[in-house]
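In what follows, a structure is listed as structure tokens, so that the remarks can point back to it.
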Amino acid sequence: MSNEIRVRFAPSPTGNLHVGSLRTALYNYLYAKKVGGKFILRIEDTDQTRYVDGAVENLFTTLKAMGLEYDEGPEKGGEYGPYYQSKRTDIYNKYVQELLDKGKAYRCFCTPEDLDIMREERKTKGLDTRYDGRCRNLTEHKINEHLENNDKFVIRLKIPQEGEITFYDVVREKVTFPWNMVDDQVLVKSDGLPTYHLANVVDDHLMEISHVIRGEEWLSSVPKHLYLYEAFGWKPPKMCHLPLLLNSDKSKLSKRQGDVAVEDFLNKGYLPETLLNFVALLGWHAPNNEEFYTLSELEKAFSLKRINKSGSVFDVEKLNWMNGQYLRNTDLKVIGEYARKYFEKAGYHIPNEKHYLELVDIARSRIHKLDEVTEFAKPFFSELEFTDDDKEILKTESSQILFKFWIDNIIDSPELNEELINELLKRSAQELEIKGKNLYPPLRLALYGSAHGPELPTIMDILEKEKVVERFKNALK
Ligand code: GLU
């Protein structure tokens with residue numbers, strides 16, 4: 001084995017990429033970058049029953065959107081391929097034969113019905129529902145009889161029945177499991193395909209993975225995996241299990257509580273930059289507790305040593321706050337590009353680029369997510385609707401005088417620019433003696449449909465002369 005640091009992200013394509021998986025991918029990526037190692041992508045698609053169409057494509061596009069480029073993997077190739085487990089069946093067959101030959105694994109001919117009965121019996125005896133090992137010691141004769149009958153079988157790992165196993169995990173440190181908590185894991189199913197456990201260990205070894213960095217839900221699989229490494233006579237990689245992601249009520253983060261797919265967050269208008277930053281801090285903290293990081297800053301700051309042991313709450317409030325910060329502090333043109341699809345979806349035709357960016361700029365200071373961006377643009381694109389209270393304000397004598405004055409002064413001027421607007425505001429105050437709350441709120445209401453909102457010159461600039469006149473006319477009785 002080389003001394004190179006090689007880490008892998010090994011998702012199963014069972015749906016759109018989960019935020020927890022994004023964190024696993026990110027930490028693997030960051031660790032590889034930090035130490036100058038390799039980041040490998042491997043698709044763990046041995047379980048065809050859980051395969052979801054489009055999941056692999058979603059994985060590729062999401063990783064790309066996040067900027068997490070891998071060094072070896074499905075689309076890129078590499079010396080250790082293929083990187084799809086479904087294309088590696090022959091490899092697993094060879095290794096499982098080795099385990100059978102060494103007596104570390106055995107064929108189990110129990111039918112699903114046999115297993116149901118066994119589990120029920122164990123339950124009534126107050127035992128756990130692990131496999132009771134009845135096929136562990138079948139005679140050669142019995143095995144051959146089954147094989148001649150073409151009886152279906154699975155291949156199970158022959159886990160020790162007594163004692164315990166202790167191992168070292170980078171995050172959890174010393175971990176001990178009694179063997180009697182560990183099942184005789186199925187390694188090859190009756191259809192001849194390997195299970196995750198066999199394929200995962202064989203591949204981590206053959207791909208020379210130095211560190212397994214993955215979610216804590218896999219911690220209880222480590223004993224089986226280490227037993228497999230030992231059975232093969234292989235040196236295991238270092239283990240590093242990331243803390244669970246929790247809902248605010250401290251339950252495990254799950255789909256039931258709302259969206260958990262990265263794609264859903266992106267569609268709602270969380271920026272990829274925010275998501276990466278936010279997810280990086282779910283289970284890791286910087287020495288100075290700094291909160292804002294770009295990907296390249298994270299590449300320098302990250303370290304496995306500062307991964308937390310306890311679960312991390314996925315705090316949507318904090319995510320919203322952070323996204324708001326990113327919306328306001330990122331270059332306006334970049335935000336404009338991200339926002340464009342929301343305008344298209346709303347059917348708002350963007351008049352010109354300058355006005356478009358003005359609009360986005362108005363909106364971004366008031367929203368948390370980009371899917372809210374068109375709400376602030378709506379008054380520019382659709383008919384204004386007035387409440388009874390609004391109508392009261394528009395109807396007052398001073399408002400009516402004001403609107404008339406503005407129409408008269410705008411209608412014949414060649415263009416409605418900021419200079420003219422400021423001049424008319426001044427003259428409204430001086431000549432009409434209309435000031436303060438009798439001046440700005442009615443004008444804004446007539447043009448934008450709300451007494452509060454963007455600056456008047458901005459509103460008029462975006463609406464342009466013709467529409468400004470039209471809206472003032474509408475506001476006249
Ligand atoms: N295929 C497993 C998953 O979907 C990978 C676990 C591991 O990294 O070993 O999470």
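Each chain of the structure tokens is named A, B, ... in the order shown, its residues numbered from 1; ligands are numbered from 1 in display order.
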
Practice item. Residues up to 6 Å from ligand 1, counting only C-alpha atoms and all ligand atoms: could you list those as JSON, numbers by chain? Key: {"A": [10, 11, 12, 44, 214]}

Keeping only N, CA and C atoms, write the selected residues as an mmCIF file, in the first residue's frame.
```cif
data_model
loop_
_atom_site.group_PDB
_atom_site.id
_atom_site.type_symbol
_atom_site.label_atom_id
_atom_site.label_comp_id
_atom_site.auth_asym_id
_atom_site.auth_seq_id
_atom_site.Cartn_x
_atom_site.Cartn_y
_atom_site.Cartn_z
ATOM 1 N N ALA A 10 -18.675 7.556 -1.318
ATOM 2 C CA ALA A 10 -19.194 6.317 -1.907
ATOM 3 C C ALA A 10 -20.712 6.223 -1.787
ATOM 4 N N PRO A 11 -21.433 7.128 -2.433
ATOM 5 C CA PRO A 11 -22.887 7.141 -2.266
ATOM 6 C C PRO A 11 -23.580 5.980 -2.986
ATOM 7 N N SER A 12 -24.737 5.616 -2.458
ATOM 8 C CA SER A 12 -25.611 4.667 -3.156
ATOM 9 C C SER A 12 -26.664 5.492 -3.882
ATOM 10 N N GLU A 44 -21.906 3.159 -5.268
ATOM 11 C CA GLU A 44 -22.191 1.870 -4.623
ATOM 12 C C GLU A 44 -23.601 1.416 -5.012
ATOM 13 N N ARG A 214 -17.079 8.954 6.807
ATOM 14 C CA ARG A 214 -18.496 8.774 6.463
ATOM 15 C C ARG A 214 -19.356 9.028 7.693
#
```

Point to revise | Sel. of alpha helix (DSSP H) residues, stretch 193-289 of chain A, as a PyMOL selection string | key: chain A and resi 196-206+222-232+262-267+272-280

Review point. Can you list, as a PyMOL selection string, every protein, DNA or RNA residue that comes within 6 Å of A:Tyr83 when you count only C-alpha atoms, leaving out same-chain residues fewer than 2 positions away?
Key: chain A and resi 42+73-74+81

Please produce an output containing C-alpha atoms for each residue in the selection, written as a compact mmCIF listing (two decimals), in the first residue's frame.
```txt
# COMPACT_ATOMS: atom_id res chain seq x y z
CA ARG A 42 -17.35 5.51 -6.20
CA GLY A 73 -14.34 8.36 -10.52
CA PRO A 74 -17.09 7.39 -12.93
CA GLY A 81 -11.68 1.59 -11.87
```

Exercise for review: Within 7 Å of stretch 176-186 of chain A, counting only C-alpha atoms, which residues show up once you throw out same-chain ones fewer than 5 positions away? Write them as a list in words, please.
Suggested key: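 In the requested form, the answer reads Arg130, Tyr131, Val154, Ile155, Arg156, Leu157, Lys158, Ile159, Pro160, Gln161, Glu162, Gly163, Glu164, Ile165, Thr166, Phe167 and Thr195 of chain A.
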
Exercise for review: Kindly indicate which residue among A:Thr61, A:Thr330, A:Ser21, A:Asn150 lies nearest to A:Glu216, using only C-alpha atoms for the distances.
Suggested key: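 The shortest atom-to-atom distance to A:Glu216 comes from A:Ser21.
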
Exercise for review: Going by DSSP on the backbone, which bits of stretch 148-365 of chain A are strand (DSSP E or B)? Write them as a ChimeraX atom specification, please.
Suggested key: /A:154-157,164-169,173-178,186-188,194,211-215,238-242,245-246,252,261,284,307,312-313

Counting only C-alpha atoms, which residues of stretch 378-474 of chain A fall within 10 Å of stretch 358-364 of chain A, and what is the closest atom pair for each with its distance in Å at one decimal, ordered by chain and rising number, as CSV?
```
residue,atom,partner,partner_atom,distance
A:Phe380,CA,A:Leu359,CA,9.3
A:Gly453,CA,A:Ile362,CA,8.5
A:Pro454,CA,A:Ile362,CA,6.5
A:Glu455,CA,A:Ile362,CA,9.2
A:Thr458,CA,A:Glu358,CA,7.5
A:Ile459,CA,A:Leu359,CA,9.0
A:Asp461,CA,A:Glu358,CA,9.3
A:Ile462,CA,A:Leu359,CA,7.9
```
